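Dumped upload-v7.cif below, it's mmCIF, C-alpha atoms:
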```cif
data_my_file
loop_
_atom_site.group_PDB
_atom_site.id
_atom_site.type_symbol
_atom_site.label_atom_id
_atom_site.label_comp_id
_atom_site.auth_asym_id
_atom_site.auth_seq_id
_atom_site.Cartn_x
_atom_site.Cartn_y
_atom_site.Cartn_z
ATOM 1 C CA MET A 1 61.381 203.796 35.786
ATOM 2 C CA ARG A 2 62.173 201.263 33.087
ATOM 3 C CA THR A 3 65.475 200.532 34.666
ATOM 4 C CA LYS A 4 63.907 200.204 38.058
ATOM 5 C CA TYR A 5 61.181 197.932 36.696
ATOM 6 C CA HIS A 6 63.784 195.869 34.900
ATOM 7 C CA LEU A 7 65.619 195.315 38.188
ATOM 8 C CA LEU A 8 62.414 194.346 39.917
ATOM 9 C CA VAL A 9 61.758 191.737 37.249
ATOM 10 C CA ILE A 10 65.263 190.351 37.295
ATOM 11 C CA SER A 11 65.633 190.238 41.064
ATOM 12 C CA PRO A 12 62.834 187.705 41.682
ATOM 13 C CA THR A 13 64.142 185.646 38.788
ATOM 14 C CA ILE A 14 67.609 185.550 40.257
ATOM 15 C CA PHE A 15 66.131 184.694 43.655
ATOM 16 C CA VAL A 16 64.129 181.815 42.191
ATOM 17 C CA VAL A 17 67.161 180.496 40.320
ATOM 18 C CA VAL A 18 69.305 180.681 43.453
ATOM 19 C CA VAL A 19 66.641 178.905 45.501
ATOM 20 C CA LEU A 20 66.313 176.180 42.876
ATOM 21 C CA LEU A 21 70.064 175.732 42.686
ATOM 22 C CA PHE A 22 70.298 175.542 46.462
ATOM 23 C CA ALA A 23 67.452 173.040 46.599
ATOM 24 C CA CYS A 24 69.005 170.912 43.869
ATOM 25 C CA ASN A 25 72.429 170.987 45.484
ATOM 26 C CA GLY A 26 70.918 170.235 48.884
ATOM 27 C CA GLY A 27 68.925 167.312 47.507
ATOM 28 C CA HIS A 28 71.953 166.024 45.668
ATOM 29 C CA GLN A 29 74.025 166.291 48.850
ATOM 30 C CA GLN A 30 71.310 164.520 50.844
ATOM 31 C CA ASN A 31 71.231 161.671 48.329
ATOM 32 C CA LYS A 32 75.012 161.435 48.530
ATOM 33 C CA ASN A 33 74.842 161.283 52.333
ATOM 34 C CA THR A 34 72.175 158.574 52.231
ATOM 35 C CA ALA A 35 74.202 156.512 49.786
ATOM 36 C CA LYS A 36 77.298 157.047 51.917
ATOM 37 C CA GLU A 37 75.468 155.841 55.041
ATOM 38 C CA ILE A 38 74.344 152.657 53.258
ATOM 39 C CA VAL A 39 77.889 151.979 52.051
ATOM 40 C CA GLU A 40 79.508 152.757 55.422
ATOM 41 C CA ASN A 41 76.801 151.112 57.508
ATOM 42 C CA PRO A 42 75.588 148.040 55.600
ATOM 43 C CA LEU A 43 74.533 146.213 58.779
ATOM 44 C CA ASN A 44 71.784 148.731 59.459
ATOM 45 C CA ASN A 45 70.406 148.187 55.980
ATOM 46 C CA ILE A 46 70.676 144.391 56.314
ATOM 47 C CA PHE A 47 68.762 144.239 59.596
ATOM 48 C CA LYS A 48 66.198 146.862 58.607
ATOM 49 C CA ASN A 49 65.282 144.941 55.452
ATOM 50 C CA ALA A 50 65.331 141.569 57.213
ATOM 51 C CA TYR A 51 63.014 142.824 59.947
ATOM 52 C CA ALA A 52 60.611 144.361 57.415
ATOM 53 C CA LYS A 53 60.435 141.041 55.566
ATOM 54 C CA LYS A 54 60.094 139.030 58.822
ATOM 55 C CA ARG A 55 63.267 137.116 58.119
ATOM 56 C CA THR A 56 65.086 134.918 60.649
ATOM 57 C CA LEU A 57 68.701 134.296 61.593
ATOM 58 C CA TYR A 58 68.531 131.190 59.407
ATOM 59 C CA ASP A 59 67.782 133.460 56.430
ATOM 60 C CA LEU A 60 70.389 136.053 57.394
ATOM 61 C CA ILE A 61 73.235 133.549 57.617
ATOM 62 C CA ARG A 62 72.563 132.468 54.055
ATOM 63 C CA THR A 63 72.841 135.974 52.579
ATOM 64 C CA PRO A 64 76.250 137.010 51.179
ATOM 65 C CA GLU A 65 75.979 140.498 52.719
ATOM 66 C CA PHE A 66 75.538 139.199 56.271
ATOM 67 C CA LYS A 67 78.245 136.561 55.809
ATOM 68 C CA GLU A 68 80.645 139.296 54.712
ATOM 69 C CA GLN A 69 79.973 141.291 57.887
ATOM 70 C CA VAL A 70 80.361 138.285 60.207
ATOM 71 C CA VAL A 71 83.677 137.375 58.584
ATOM 72 C CA LYS A 72 84.763 141.021 58.840
ATOM 73 C CA TYR A 73 83.975 141.439 62.544
ATOM 74 C CA TYR A 74 84.626 137.837 63.613
ATOM 75 C CA SER A 75 86.205 135.275 61.267
ATOM 76 C CA LEU A 76 85.409 132.793 58.525
ATOM 77 C CA GLU A 77 85.805 129.891 60.958
ATOM 78 C CA PHE A 78 83.343 131.562 63.339
ATOM 79 C CA TYR A 79 80.851 131.986 60.487
ATOM 80 C CA LYS A 80 81.178 128.321 59.473
ATOM 81 C CA LYS A 81 80.448 127.132 63.006
ATOM 82 C CA MET A 82 77.525 129.526 63.280
ATOM 83 C CA TYR A 83 76.141 128.288 59.950
ATOM 84 C CA GLU A 84 76.067 124.717 61.273
ATOM 85 C CA VAL A 85 74.438 125.676 64.573
ATOM 86 C CA VAL A 86 71.394 127.652 63.441
ATOM 87 C CA GLU A 87 68.493 125.342 62.612
ATOM 88 C CA VAL A 88 65.519 126.284 64.799
ATOM 89 C CA VAL A 89 64.737 130.011 64.721
ATOM 90 C CA VAL A 90 62.153 132.740 65.337
ATOM 91 C CA PRO A 91 61.673 136.022 63.393
ATOM 92 C CA ILE A 92 63.975 138.956 64.114
ATOM 93 C CA SER A 93 62.729 141.241 66.893
ATOM 94 C CA TYR A 94 63.258 145.000 67.049
ATOM 95 C CA ASN A 95 63.296 147.340 70.049
ATOM 96 C CA SER A 96 62.421 150.731 68.577
ATOM 97 C CA THR A 97 63.209 152.545 71.833
ATOM 98 C CA GLU A 98 66.753 151.214 72.012
ATOM 99 C CA ASP A 99 67.111 150.797 68.232
ATOM 100 C CA ILE A 100 68.363 147.229 68.699
ATOM 101 C CA TYR A 101 67.687 144.151 66.565
ATOM 102 C CA VAL A 102 67.846 140.679 68.115
ATOM 103 C CA CYS A 103 67.713 137.257 66.508
ATOM 104 C CA SER A 104 68.725 133.785 67.602
ATOM 105 C CA GLY A 105 68.738 130.151 66.633
ATOM 106 C CA PHE A 106 69.786 126.806 68.003
ATOM 107 C CA LYS A 107 70.587 123.319 66.844
ATOM 108 C CA ALA A 108 67.816 120.741 66.959
ATOM 109 C CA HIS A 109 68.236 117.431 68.793
ATOM 110 C CA ASN A 110 71.453 118.441 70.552
ATOM 111 C CA ALA A 111 72.377 117.178 74.008
ATOM 112 C CA GLY A 112 74.377 120.230 75.127
ATOM 113 C CA ILE A 113 73.554 123.918 74.815
ATOM 114 C CA THR A 114 74.272 124.855 71.202
ATOM 115 C CA GLU A 115 72.938 128.226 70.111
ATOM 116 C CA ALA A 116 73.709 131.539 68.446
ATOM 117 C CA THR A 117 72.358 134.914 69.571
ATOM 118 C CA VAL A 118 72.860 138.071 67.510
ATOM 119 C CA ASN A 119 72.392 141.620 68.809
ATOM 120 C CA TYR A 120 72.762 144.590 66.490
ATOM 121 C CA ASP A 121 72.753 148.106 67.970
ATOM 122 C CA ALA A 122 71.876 150.474 65.129
ATOM 123 C CA LYS A 123 72.872 153.555 67.157
ATOM 124 C CA THR A 124 76.467 152.437 67.577
ATOM 125 C CA ASN A 125 76.617 150.018 64.630
ATOM 126 C CA GLY A 126 77.665 147.389 67.158
ATOM 127 C CA LEU A 127 77.381 143.731 66.184
ATOM 128 C CA ASP A 128 77.548 141.247 69.063
ATOM 129 C CA ILE A 129 77.269 137.511 68.409
ATOM 130 C CA LYS A 130 77.272 134.934 71.174
ATOM 131 C CA LEU A 131 77.982 131.466 69.837
ATOM 132 C CA ILE A 132 77.867 128.454 72.164
ATOM 133 C CA ILE A 133 78.550 124.880 71.079
ATOM 134 C CA ASP A 134 77.954 122.066 73.566
ATOM 135 C CA GLY A 135 77.971 124.577 76.404
ATOM 136 C CA THR A 136 81.292 126.152 75.373
ATOM 137 C CA ARG A 137 81.529 129.720 74.110
ATOM 138 C CA ILE A 138 83.319 130.109 70.787
ATOM 139 C CA GLU A 139 85.902 132.878 70.403
ATOM 140 C CA ARG A 140 85.869 135.419 67.554
ATOM 141 C CA SER A 141 88.554 133.383 65.821
ATOM 142 C CA GLY A 142 86.163 130.441 65.713
ATOM 143 C CA GLU A 143 88.328 128.535 68.159
ATOM 144 C CA ILE A 144 87.719 127.529 71.773
ATOM 145 C CA ASP A 145 89.821 129.205 74.460
ATOM 146 C CA TYR A 146 91.556 126.484 76.486
ATOM 147 C CA GLY A 147 93.806 128.884 78.386
ATOM 148 C CA ASN A 148 97.178 127.271 79.157
ATOM 149 C CA TRP A 149 95.757 123.774 79.570
ATOM 150 C CA LYS A 150 97.312 121.032 77.470
ATOM 151 C CA LYS A 151 95.959 117.568 76.797
ATOM 152 C CA GLY A 152 98.107 114.505 77.372
ATOM 153 C CA TYR A 153 97.813 110.746 77.889
ATOM 154 C CA TYR A 154 99.115 108.318 80.439
ATOM 155 C CA LYS A 155 101.570 105.806 78.982
ATOM 156 C CA ASP A 156 101.507 102.023 78.925
ATOM 157 C CA ASP A 157 104.503 99.730 79.517
ATOM 158 C CA PHE A 158 105.666 100.364 75.960
ATOM 159 C CA GLY A 159 105.605 104.150 76.307
ATOM 160 C CA GLU A 160 102.553 104.499 74.104
ATOM 161 C CA ASP A 161 99.497 106.664 74.797
ATOM 162 C CA ILE A 162 96.586 105.026 76.601
ATOM 163 C CA LEU A 163 93.801 106.717 74.661
ATOM 164 C CA LYS A 164 91.200 105.933 77.302
ATOM 165 C CA GLN A 165 93.258 107.711 79.969
ATOM 166 C CA PRO A 166 93.596 111.341 78.853
ATOM 167 C CA PHE A 167 94.377 114.213 81.204
ATOM 168 C CA ILE A 168 94.708 117.990 81.061
ATOM 169 C CA GLN A 169 97.525 119.891 82.713
ATOM 170 C CA THR A 170 98.517 123.498 83.349
ATOM 171 C CA ASP A 171 101.609 124.998 84.959
ATOM 172 C CA ILE A 172 101.829 128.117 87.128
ATOM 173 C CA ARG A 173 105.185 129.738 87.783
ATOM 174 C CA GLY A 174 106.056 131.305 91.108
ATOM 175 C CA THR A 175 108.908 132.448 93.311
ATOM 176 C CA VAL A 176 109.502 131.206 96.852
ATOM 177 C CA ARG A 177 112.330 132.647 98.970
ATOM 178 C CA SER A 178 113.842 134.083 95.783
ATOM 179 C CA PHE A 179 113.876 130.621 94.183
ATOM 180 C CA ASP A 180 111.973 129.889 90.987
ATOM 181 C CA CYS A 181 109.424 127.111 91.208
ATOM 182 C CA GLU A 182 106.447 125.832 89.277
ATOM 183 C CA LEU A 183 103.102 124.398 90.336
ATOM 184 C CA HIS A 184 101.790 121.653 88.069
ATOM 185 C CA ILE A 185 98.056 120.937 88.138
ATOM 186 C CA ARG A 186 96.751 117.848 86.368
ATOM 187 C CA PHE A 187 93.120 116.766 86.069
ATOM 188 C CA ASN A 188 91.896 113.315 85.133
ATOM 189 C CA PHE A 189 88.429 111.822 85.630
ATOM 190 C CA ASP A 190 89.856 108.754 87.391
ATOM 191 C CA GLU A 191 92.328 110.331 89.815
ATOM 192 C CA GLY A 192 90.791 113.791 90.207
ATOM 193 C CA ILE A 193 93.341 116.580 90.687
ATOM 194 C CA ARG A 194 97.034 115.999 91.193
ATOM 195 C CA LEU A 195 99.345 118.841 92.236
ATOM 196 C CA TRP A 196 103.129 118.840 92.484
ATOM 197 C CA ILE A 197 105.879 121.433 92.597
ATOM 198 C CA THR A 198 109.191 121.493 90.768
ATOM 199 C CA GLY A 199 112.082 123.932 90.885
ATOM 200 C CA GLU A 200 115.070 124.923 93.001
ATOM 201 C CA TYR A 201 113.204 125.019 96.318
ATOM 202 C CA CYS A 202 111.315 121.749 96.607
ATOM 203 C CA CYS A 203 110.229 119.198 99.161
ATOM 204 C CA TYR A 204 110.395 115.760 97.565
ATOM 205 C CA ASP A 205 109.242 113.582 100.468
ATOM 206 C CA PRO A 206 106.729 115.407 102.685
ATOM 207 C CA MET A 207 104.983 113.754 105.618
ATOM 208 C CA LYS A 208 102.006 116.093 105.533
ATOM 209 C CA ALA A 209 100.580 118.658 103.163
ATOM 210 C CA PHE A 210 98.106 121.495 103.575
ATOM 211 C CA ILE A 211 96.359 123.498 100.874
ATOM 212 C CA LYS A 212 94.480 126.755 101.302
ATOM 213 C CA ILE A 213 92.867 128.926 98.654
ATOM 214 C CA ARG A 214 92.053 132.600 99.061
ATOM 215 C CA ASP A 215 89.646 134.627 96.966
ATOM 216 C CA ASN A 216 91.628 137.846 96.517
ATOM 217 C CA SER A 217 88.511 139.916 95.842
ATOM 218 C CA THR A 218 86.837 138.999 99.164
ATOM 219 C CA ASN A 219 89.822 137.663 101.181
ATOM 220 C CA GLU A 220 87.756 134.568 101.978
ATOM 221 C CA THR A 221 90.082 131.658 102.770
ATOM 222 C CA LEU A 222 89.199 127.962 102.549
ATOM 223 C CA SER A 223 91.117 124.844 103.530
ATOM 224 C CA VAL A 224 91.053 122.161 100.842
ATOM 225 C CA PRO A 225 90.690 118.561 102.100
ATOM 226 C CA ILE A 226 93.446 116.298 100.739
ATOM 227 C CA ASP A 227 93.029 112.587 100.006
ATOM 228 C CA ASN A 228 96.559 111.314 99.512
ATOM 229 C CA ILE A 229 100.253 112.250 99.322
ATOM 230 C CA ARG A 230 102.701 110.203 97.255
ATOM 231 C CA LYS A 231 106.284 111.431 97.190
ATOM 232 C CA ASP A 232 105.994 115.021 95.949
ATOM 233 C CA SER A 233 102.397 114.787 94.668
ATOM 234 C CA ILE A 234 99.137 115.737 96.352
ATOM 235 C CA PHE A 235 95.959 113.975 95.214
ATOM 236 C CA ILE A 236 92.454 115.357 95.640
ATOM 237 C CA TYR A 237 89.471 113.311 94.532
ATOM 238 C CA ASN A 238 86.921 113.971 97.282
ATOM 239 C CA GLU A 239 83.936 115.936 96.014
ATOM 240 C CA LYS A 240 84.344 118.891 98.362
ATOM 241 C CA GLY A 241 88.024 119.382 97.584
ATOM 242 C CA LEU A 242 87.481 119.014 93.848
ATOM 243 C CA LEU A 243 84.666 121.554 93.789
ATOM 244 C CA MET A 244 86.719 124.068 95.765
ATOM 245 C CA LEU A 245 89.763 123.821 93.510
ATOM 246 C CA LEU A 246 87.776 123.719 90.274
ATOM 247 C CA ALA A 247 85.874 126.850 91.343
ATOM 248 C CA ALA A 248 89.154 128.635 92.108
ATOM 249 C CA LEU A 249 90.596 127.632 88.734
ATOM 250 C CA LYS A 250 87.423 128.713 86.971
ATOM 251 C CA CYS A 251 87.114 132.172 88.523
ATOM 252 C CA GLY A 252 90.762 133.141 88.939
ATOM 253 C CA ASN A 253 91.933 136.058 91.116
ATOM 254 C CA THR A 254 92.963 133.429 93.648
ATOM 255 C CA THR A 255 96.029 132.654 95.745
ATOM 256 C CA ILE A 256 96.906 129.002 96.341
ATOM 257 C CA SER A 257 98.936 128.283 99.466
ATOM 258 C CA ILE A 258 100.659 124.885 99.714
ATOM 259 C CA LYS A 259 102.584 123.913 102.835
ATOM 260 C CA TYR A 260 104.635 120.730 103.181
ATOM 261 C CA ASN A 261 105.709 119.387 106.553
ATOM 262 C CA THR A 262 108.697 116.989 106.671
ATOM 263 C CA ALA A 263 109.774 114.291 109.133
ATOM 264 C CA LEU A 264 112.218 116.792 110.638
ATOM 265 C CA ASP A 265 109.299 119.151 111.236
ATOM 266 C CA ASN A 266 110.505 121.593 108.596
ATOM 267 C CA ASP A 267 107.920 123.592 106.690
ATOM 268 C CA TYR A 268 108.019 124.385 102.995
ATOM 269 C CA LEU A 269 105.521 127.110 102.108
ATOM 270 C CA TYR A 270 104.599 128.002 98.527
ATOM 271 C CA LEU A 271 102.281 130.720 97.230
ATOM 272 C CA PHE A 272 100.959 130.802 93.675
ATOM 273 C CA GLN A 273 98.800 133.502 92.101
ATOM 274 C CA ILE A 274 96.027 132.742 89.607
ATOM 275 C CA HIS A 275 95.263 136.133 88.110
ATOM 276 C CA GLY A 276 92.367 135.300 85.798
ATOM 277 C CA PRO A 277 90.070 132.458 84.717
ATOM 278 C CA THR A 278 92.082 129.447 83.544
ATOM 279 C CA GLN A 279 89.333 128.151 81.195
ATOM 280 C CA ILE A 280 89.228 124.854 83.100
ATOM 281 C CA GLU A 281 85.651 124.155 81.968
ATOM 282 C CA ASN A 282 86.605 124.391 78.297
ATOM 283 C CA ALA A 283 89.719 122.305 78.871
ATOM 284 C CA ILE A 284 87.751 119.487 80.515
ATOM 285 C CA LYS A 285 85.791 119.133 77.281
ATOM 286 C CA LEU A 286 89.071 118.205 75.570
ATOM 287 C CA ILE A 287 89.027 114.869 77.400
ATOM 288 C CA GLU A 288 85.337 114.465 78.179
ATOM 289 C CA ASN A 289 84.391 112.799 74.901
ATOM 290 C CA GLU A 290 87.389 110.459 74.867
ATOM 291 C CA ILE A 291 86.307 108.480 77.907
ATOM 292 C CA MET A 292 82.711 107.959 76.812
#
```

Transcribe the structure of this file into structure tokens.
Amino acid sequence: MRTKYHLLVISPTIFVVVVLLFACNGGHQQNKNTAKEIVENPLNNIFKNAYAKKRTLYDLIRTPEFKEQVVKYYSLEFYKKMYEVVEVVVPISYNSTEDIYVCSGFKAHNAGITEATVNYDAKTNGLDIKLIIDGTRIERSGEIDYGNWKKGYYKDDFGEDILKQPFIQTDIRGTVRSFDCELHIRFNFDEGIRLWITGEYCCYDPMKAFIKIRDNSTNETLSVPIDNIRKDSIFIYNEKGLLMLLAALKCGNTTISIKYNTALDNDYLYLFQIHGPTQIENAIKLIENEIM
């Protein structure tokens, strides 16, 4: 009986010790997991604390922790631009159903749209920042995407740039009848759009020219009204024609058909594909301020 009693006494003791050890280890593991989550997911902690303290995007931008995350997911140049933009703000909002934090700010006394909007999805740890300066969206690198457009200047009689006459130009390569050719598109506020083609298969002195654009997603085809033809160049400065071409260049997924008709009644037909947006709107801003 003594032995049996002894076992009965020891058994509960062992059980209690085991339970305590398990509880301690479990609590220790839980603390480790919590600490790990904070280290691995600092954004959640940043937004949770900011929301609890009714902070704004203006406050967030000025904290080292948030700056570190913006630089990590975007870039230092992006952060610098964002820092300059955010002046007028409202407190951070939180959607508990979606577990999403939202905050925004914009620049006071600015003519164009200049704002920053931050969305943080706590479920996916996704940080999305939309930064717009003077109506132009800023890339993650902090730069503006101008596509393949390049800025240039018309020259004076001494071959020097006329700074009040800037233009933007892009080039689209194509193949016609197995010959390589290139469509050059130039935009200037004075002359509108100028198009010309260079390459092995060219018509240098057309009598007539016809331009059609086709939206490849809908197959809708439009004829573009032309204003003038000089040697190998087509000029479009009427409002309807400009709007049609600018829309095609903006949206992309478009085919441009150009047909020249010569004095001998020969036709030269060229087809050029624009696969994606050319960033024409951003590119126009390269020259917009220079003519003011």

Of the candidates A:Asp171, A:Glu290, A:Glu68, A:Glu87, which shows the shortest atom-to-atom distance to Ala116 in chain A, using all atoms listed in the file?
->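 Ranking A:Asp171, A:Glu290, A:Glu68, A:Glu87 by distance to Ala116 in chain A, first place goes to A:Glu87.
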
Name every residue that the PyMOL selection byres ((chain A and resi 86) around 6) selects in this structure, writing the answer as an MDAnalysis selection string with chains first and numbers rising.
-> chainID A and resid 83:85 87 105:107

Mind dumping the selected residues with C-alpha atoms as a PDB file, in the frame of the given file?
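Resulting contents of again.pdb:
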```
ATOM      1  CA  TYR A  83      76.141 128.288  59.950  1.00  0.00           C
ATOM      2  CA  GLU A  84      76.067 124.717  61.273  1.00  0.00           C
ATOM      3  CA  VAL A  85      74.438 125.676  64.573  1.00  0.00           C
ATOM      4  CA  GLU A  87      68.493 125.342  62.612  1.00  0.00           C
ATOM      5  CA  GLY A 105      68.738 130.151  66.633  1.00  0.00           C
ATOM      6  CA  PHE A 106      69.786 126.806  68.003  1.00  0.00           C
ATOM      7  CA  LYS A 107      70.587 123.319  66.844  1.00  0.00           C
TER       8      LYS A 107
END
```

Apply the PyMOL selection byres ((chain A and resi 237-247) around 6) to the displayed file and report the matching residues as a PyMOL selection string.
-> chain A and resi 192+224-225+236+248-250

Output the residue selection produced by the PyMOL selection byres ((chain A and resi 271-281) around 7) on the file above, formatted as a PyMOL selection string.
-> chain A and resi 145-147+174+249-258+269-270+282-285

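For the pair CA of Leu76 in chain A and CA of Arg140 in chain A, the interatomic distance is 9.4 Å.
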